[in-house]
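Here's the structure, in C-alpha cells; my notes come after.
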Amino acid sequence: MSNVTFPRKEFEKEIKLTDEVIEKISLFGTPLEKITNEEIEIEIFPNRPDLLSMQGYLRGFKAFLGKETGIKKYKLQKPEKNHHVKIDSSVKEVRPFTACAIVKNLKFSDDKIKEIIELQEKLHITIGRNRKKLAIGIYPLEKISLPIKYEARQPEKIRFIPLEETNEMDGNQILSKHPAGKEYSHLLEGKDKFPIFIDAKGKILSMPPIINSNDTGKITFDTKDVFIECSGFHLETLQRTLNIIVTTLAEMGGKICQMTLDYGKEKITTPDISPEKIKLSLENTNKLLGLELKEKDLEKLLPKMGHDYKNKTVSVAPWRTDILHEVDIIEDIAIAYGYEKLVPELPNISTIAEEAPKEKIISKLAEILVGLGLTEISTYHLIKQEESEITKLPEKIKLEDSKTEYKILRPNLLIPALRILSENKDNEYPQNIFELGTVFTKDEKSETGIKETENLIVTCSPANFTKMKQILNNLASSLNLQFDFEEATHLQLIDGRTAQIKINNKPAGYLGELHPETLRAWGIKMPVGVLEISLEEIFKELDK
Amino acid sequence: MDQSILEKLSPLERKIIPYLTLPIKEIKEKTKLDSTSLLRALKFLENKNLVKVNIKKKKLIELGTNGIYYTKNHLPERKLISILENNKPLAIAEAKKISKLSDNEFNVSLGILKNKSFIELKNGKIFLAVSKEILARKTIEETFLEALPAEETSLNEEQLHVLNLLKKRKNIIELQEKNILSFELTEAGKQLAGKKIEQNLIEELTPTIIKNWKRNKKFRKYDVLSKVPKTFGGKRHFVNQAISHAKQIWLDLGFKEMTSSKIQTSFWNFDALFTAQDHPVRDLHDTFFVTDTEGRLPEKKLVSKVKQAHEQGVDKSKGWQYSWSEEDAKKVVLRTHTTCLSAKTLASLDVNKDIPAKFFSIGKCFRNETVDWSHGFEFNQTEGIVIDRNTTLRHLLGYLKEFYKKMGFDKVRFAPGYFPYTEPSVEINVFHPEKKVWLELGGAGIFRPEITIPLLGTKIPVLAWGQGFDRIITDAYKIKDLRQLYENDLKDLRNKEVMVK
C-alpha cells in the first residue's frame, strides 16, 4: 500500500476540491485518507502506479470527472542519431532488459526534484518490488556523452564514485560499504558480472539496481535535459513504467525524445506510447456487473477511465500496468459508472445451509461445559519460547522470524491454559475454565507436514482429581460416550493422581492434578485439576 | 421508632445497634464481628438511613515479612557493622562467613555501608571509615522502620527517599491500601443506638419451621433494595459468541460452512489465488512461514493450470509473465486469510452437479505483526463465496448489505478496491450509528478468471469476500484495545454481557 500526499494549492490549480469532488476521490478507487487546508493524502492501490505522481493522478482524476477524457496525447520526438543505447549480450544473465528515454526543456525547482525522486522511490517499492523487478535511473544529460551502452562487467573492473561519496569504489566495495549497496546487495548476490550504464567516453553512469555515479547521476537546478533508464527483467513492465515517468515529466513541461535500443538481433524504440488494443464484450460486461449498458454507454464510460473505445475495442492508456484481462476493463467501467449507483440485489439462488459437522459438535460441547459453570477462554495459537522450555517440550514447530515473543505453534492447550491461570492469579477463585481449540503436531503424512487436532482442555482451581473426573463423566453421559481410564504419568501432573483417558481403547487424553513444581514454575498459588482430550475420536463416535 | 424499620433489621444489624454509641474499635470487640461483617452491617444501616458511613482510603506503609524479622533481629547491615567493630580489618570472604548472612543480604549490606561511606574496600579487605560513635547511631533505615506503620502522605522528603531505598529490598516493607472506616448516627439512628432490639421474627425458613408452621408467625423483612454479592455462571468467550451470532446469519442466508486447516501450503494460500510469487505479502515480514517442513502440492493437472495462469495467463489474460516456482508454492504458512478455504472449496466442486452453491467460513487468520492496541498476529475473518452462472457484482453487494444489516449496521456503502484475486474489487464501509463515522471493514469482489478457470475448470462468476471480523467484535463490546480480545482476564470474561442482537 502506498499513500501519496499532494499540496492542496497545487492540486486546486487543476481541480477545485468542492465537497462533491472530495466525495468522488474514494469512488475513483483511491481512498481519501486525510484532507487539510495544506495537503491532501490519498491511498493508491498497488495496481495503479500511474497515479503515484500528482501529474499522473490529476490526469486520471480529471478524466473521471468528465474533463479531458480518453487517452491523453503526448508528442514524441523521433530518436536523433546519437540517441542510441547499445545493450550488450553480457547483461542477459544479470538484468537483461532496459527501456530508455530522453526528456528535454525541463525547469527544475527544489519541489520538482523532490517530486521526481519520490515518484522514483514509490515506483521502486511498488511495481519495482524493491528494485528487484525494476529499477529506475535519472541522469543530467549535460554530464553525459551519447550514445550509451548497457553492459555487464566483473565487479573489480567497475570503478566510479557512487552518489554522496568522495572516493572511487569498485563493484564489490560498493556492495560491502556503501549504504545503498548494503541494502540491495542481495539483488546481485552470486553474479559474476554486475550491470552498468556507460557513456560514449567510457564514464560509468550507474550500477543498477544499486546506485548512480556521483558525477553523472545527480539532478540539480541547472539540469534542463535528462536521460532516463529503467532496467529489469520484464520489458513490457519497464516500458510502461518509463511511460509513467516520461509523461509525468511532460506534464511538468518537458519534451519527450525517443531512443533507439539496440538489442543486437532486434532494435526497438522507447518510449512507445501507442495504446494496446483489447476486444471488449458488452454481454460479458453486463453479465458481470448486473447492468444493462448499451454500446453508447461504454463510449461514454471508458474515456472517463482514460481509455479510448471504438468498434468494440478498447485502447488502453500506455501507462496502465494493471490491465491483464477483460475483467480489468470491466472494473474500470464499473468505477466510471459509479459504485454508488450500483443497486445491491439479493438474488434468488436456492441452496441449503449446513453447519460443518465438527463445528456443530464443538458448539454442543461448549454448551454442556457452560452448563457446568465453566468459563470459556480463547488463547493464541502460538506459544512463547520460554513456555516451551518450562514445560520441557520435546518437539517444537517453529515459525520463521516472528516479530513477537510468540514463536512456536502450540502442541497442546495446557500451555496456554497455564499462562491464563498465571495471569489471573489475582482474580477471584474458584477459576473453572475451558478452551476448545486447535493444536499442532508434526506428521509427515499430512499435506503440510503438520497435523492439526481439535482439543478440549478444562482446568479447575482449586479442584482435585475427583472433580475433573466428574466433569469428564458428565460429558460422557451427556453425549452417550464411553471413556475408559488407565493409570498414567504426565510430566506436569502428580504421579498416582494421573489417568490416561481412552476412547475405543485408543489414548485420547489425560486427567489429573497439576504438580506443585509445575504450579510454582508458572507462579500459580492454587491447586489445579486438569483434563485435556483430543476430540478426533469423539468426532468419529458421534458421526456414526 | 417506625415499626417497619425494626422488622427489617437483620441479625447482623441487631447485633451492633446496642453498641452504636461506641467507637468502631470497641464495637468490634463487643460484637466479635470481623471488619467485613461490620462494614456490611453499617452499610445495611446506612440503607435504612440510620447511619452515615465514611470510608477514607489511606496508603499505609507496613513492615513486610523480612521487615518484621529484621526489626526483631537487626538489619543485616547492622549485623555486619557489629562484626566489623569487633574485629580488625576483615577479608570480605571472612566477614561473610562470620556474619552468617545470605549472599544477597551480605552484598546488599556491603553496598549500603559503602554508600553511607561507613566502610572502604581495599585489597579485598573491609576497613571501617568512620568513628564508633557514628556507627552506633541509628541509620535512617532503622529509624524509618521503627516508625512504622505510617501513612504515605505524611512522609517528608527524607522519609520518602528512605522508602524508595527500602522498596528495592526484598519484603522489608509492604505498601497497603487501607480503608479507614468511620460513621455518624443520623437523627433516626440516634433514637435507636444503644438499645437492645428484641424481635421474635423468623430469620431463615427451615424444613422444621415448615413442618411445624403456625399462623401469626412473622418473618423478618428483608431490605429488597439492598445490593447482593455477585454470582457468576459459566459463559462462552465473547469472541466465540460473536462468531456464533455471525455464523447463524450466514446459515439463515442458506450458506454451507467450509472448514480447513490453519496451516496451508503457499499454493493454496497464495498461488491458487493468483498472488504472484514476488508479491510483498509473501515476504517473511508479513507472513508466518513454518520452519523444517515442506508441503505437498495437489494433483499435477491443477498445479500446471495454476502455473500457466501465473506465467502466461488463461482465457486471454496476460498472466504475471514470470517463471513460477514449485518450490515457493510448497512453502508452508499459517494461513493469512480464510480465502484459501474458498480456493480449496472451488477445487473440490463438480460444476455439473454442485452449483449453484454458497459457502461461508469464520475463522482465525495469522499475520507476522507486532502486537499493539490496533494490531495483533491473530485475527478472525468472515469469508464467503457464491458460485452461480448468473451471479453479478450487484448480487455481491446484496449479500454483504444483508449480512451487515443483520449485524446491526443499516447503512453500508461500497467503493472500488484492489486485491490480486478479485476483479472487480470492492471495499465495504458501514456507518456506525453511535459514533457517526464510516468503518472500513475490508474487501470483496468477483474472483478473477485466472483463479476460477484453473480451480473450477471453467469460467463461472464466483462472488467472494473476506472481511476482518475483529473490528465488529471490538465495536460490539466497546473495546478500544485489540489486545483485550485474547487477554482472557477472567474478571472481564465473567462480567461481559451476552450478545443478543
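As shown in the C-alpha cells, the chain order sets the letters A, B, ...; within each chain, residues go from 1, and ligands are also counted from 1 in the order they appear.
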Shell of 9 Å around B:Leu148, only C-alpha atoms, local chain residues under 3 positions omitted, as a PyMOL selection string: chain B and resi 60-63+144-145+151
Neighbours of chain B in chain A at 6 Å, counting only C-alpha atoms, as a PyMOL selection string: chain A and resi 27+29+288-290+324-325+331+339+344-346+351-356+370+373-377+379+398-400+403-404+447-449
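Among the candidates A:Leu531, A:Ala99, A:Leu511, A:Ile15, the residue lying nearest to A:Asp262 is A:Ala99 (atoms considered: only C-alpha atoms).
Relative to atom CA of A:Lys467, atom CA of A:Glu537 is found at 23.0 Å.
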DSSP-assigned alpha helix (DSSP H) members of stretch 330-424 of chain B, reported as a PyMOL selection string: chain B and resi 330+339-348+393-406
Residue neighbourhood B:Asp475, 12 Å, only C-alpha atoms, exclusion window fewer than 2 positions, as an MDAnalysis selection string: chainID B and resid 239 242 407:409 430:435 439 441 469:473 477:482 485
Within 10 Å of A:Leu51 using only C-alpha atoms, minus same-chain residues under 5 positions, as a list in words: Val4, Thr30, Glu43, Ile44, Phe45, Pro46, Gly56, Tyr57, Leu58, Arg59, Gly60, Phe61, Leu119, Ile244, Thr248, Trp319 and Arg320 of chain A
DSSP strand (DSSP E) residues within stretch 360-461 of chain B, as a PyMOL selection string: chain B and resi 360-366+378-387+412-416+422-432+437-447
Distance in Å - atom CA of A:Lys265 versus atom CA of A:Leu146: 21.3 Å
Selection near stretch 273-280 of chain A, 8 Å with only C-alpha atoms, sequence-local residues under 6 positions removed, as a list in words: Asn243, Lys312, Thr313, Val314, Ser315, Val316, Ala317, Pro318, Trp319 and Glu326 of chain A
Excluding same-chain residues fewer than 4 positions from B:Leu42, what lies within 10 Å of it counting only C-alpha atoms, as an mmCIF file with N, CA and C atoms, in the first residue's frame?
```cif
data_model
loop_
_atom_site.group_PDB
_atom_site.id
_atom_site.type_symbol
_atom_site.label_atom_id
_atom_site.label_comp_id
_atom_site.auth_asym_id
_atom_site.auth_seq_id
_atom_site.Cartn_x
_atom_site.Cartn_y
_atom_site.Cartn_z
ATOM 1 N N LEU B 12 -27.441 -9.239 61.887
ATOM 2 C CA LEU B 12 -26.166 -8.523 61.942
ATOM 3 C C LEU B 12 -26.369 -7.110 62.480
ATOM 4 N N GLU B 13 -27.393 -6.438 61.942
ATOM 5 C CA GLU B 13 -27.681 -5.067 62.381
ATOM 6 C C GLU B 13 -28.096 -5.059 63.848
ATOM 7 N N ILE B 16 -25.230 -5.050 66.245
ATOM 8 C CA ILE B 16 -24.377 -3.894 66.529
ATOM 9 C C ILE B 16 -25.128 -2.700 67.100
ATOM 10 N N ILE B 17 -26.453 -2.659 66.905
ATOM 11 C CA ILE B 17 -27.206 -1.479 67.359
ATOM 12 C C ILE B 17 -26.973 -1.150 68.841
ATOM 13 N N LEU B 20 -23.794 1.042 69.105
ATOM 14 C CA LEU B 20 -23.533 2.072 68.099
ATOM 15 C C LEU B 20 -23.012 3.381 68.677
ATOM 16 N N THR B 36 -15.192 -7.054 57.667
ATOM 17 C CA THR B 36 -16.120 -7.121 56.532
ATOM 18 C C THR B 36 -17.571 -7.158 57.009
ATOM 19 N N SER B 37 -17.836 -7.992 58.024
ATOM 20 C CA SER B 37 -19.216 -8.093 58.515
ATOM 21 C C SER B 37 -19.657 -6.776 59.134
ATOM 22 N N LEU B 38 -18.738 -6.136 59.840
ATOM 23 C CA LEU B 38 -19.065 -4.866 60.476
ATOM 24 C C LEU B 38 -19.424 -3.829 59.410
ATOM 25 N N GLU B 46 -27.012 2.083 56.866
ATOM 26 C CA GLU B 46 -26.983 3.299 56.039
ATOM 27 C C GLU B 46 -28.144 3.293 55.039
ATOM 28 N N ASN B 47 -28.405 2.087 54.445
ATOM 29 C CA ASN B 47 -29.538 1.984 53.513
ATOM 30 C C ASN B 47 -30.848 2.354 54.189
ATOM 31 N N LYS B 48 -30.939 2.122 55.495
ATOM 32 C CA LYS B 48 -32.173 2.437 56.227
ATOM 33 C C LYS B 48 -32.123 3.833 56.810
ATOM 34 N N LEU B 50 -30.048 5.103 58.945
ATOM 35 C CA LEU B 50 -29.803 5.179 60.388
ATOM 36 C C LEU B 50 -28.399 5.681 60.698
ATOM 37 N N VAL B 51 -27.475 5.420 59.799
ATOM 38 C CA VAL B 51 -26.112 5.942 59.992
ATOM 39 C C VAL B 51 -25.629 6.498 58.660
ATOM 40 N N LYS B 52 -24.508 7.247 58.724
ATOM 41 C CA LYS B 52 -23.828 7.651 57.508
ATOM 42 C C LYS B 52 -22.406 7.115 57.579
ATOM 43 N N VAL B 53 -22.028 6.335 56.593
ATOM 44 C CA VAL B 53 -20.714 5.665 56.627
ATOM 45 C C VAL B 53 -19.701 6.477 55.842
ATOM 46 N N LEU B 181 -12.469 3.259 58.239
ATOM 47 C CA LEU B 181 -13.921 3.289 58.342
ATOM 48 C C LEU B 181 -14.364 4.157 59.514
ATOM 49 N N SER B 182 -15.368 5.005 59.269
ATOM 50 C CA SER B 182 -15.989 5.725 60.382
ATOM 51 C C SER B 182 -17.460 5.929 60.046
ATOM 52 N N PHE B 183 -18.251 6.307 61.029
ATOM 53 C CA PHE B 183 -19.663 6.544 60.726
ATOM 54 C C PHE B 183 -20.221 7.572 61.692
#
```
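With distances restricted to only C-alpha atoms, B:Asn49 is the closest residue to B:Glu187 from B:Asn49, B:Asp372, B:Ile83, B:Phe118.
Interatomic distance, atom CA of B:Lys57 to atom CA of B:Thr31: 24.5 Å.
Nearest-residue note for A:Ile40: choosing from A:Ile158, A:Ile433, A:Met54, A:Leu456, the minimum distance belongs to A:Met54, counting only C-alpha atoms.
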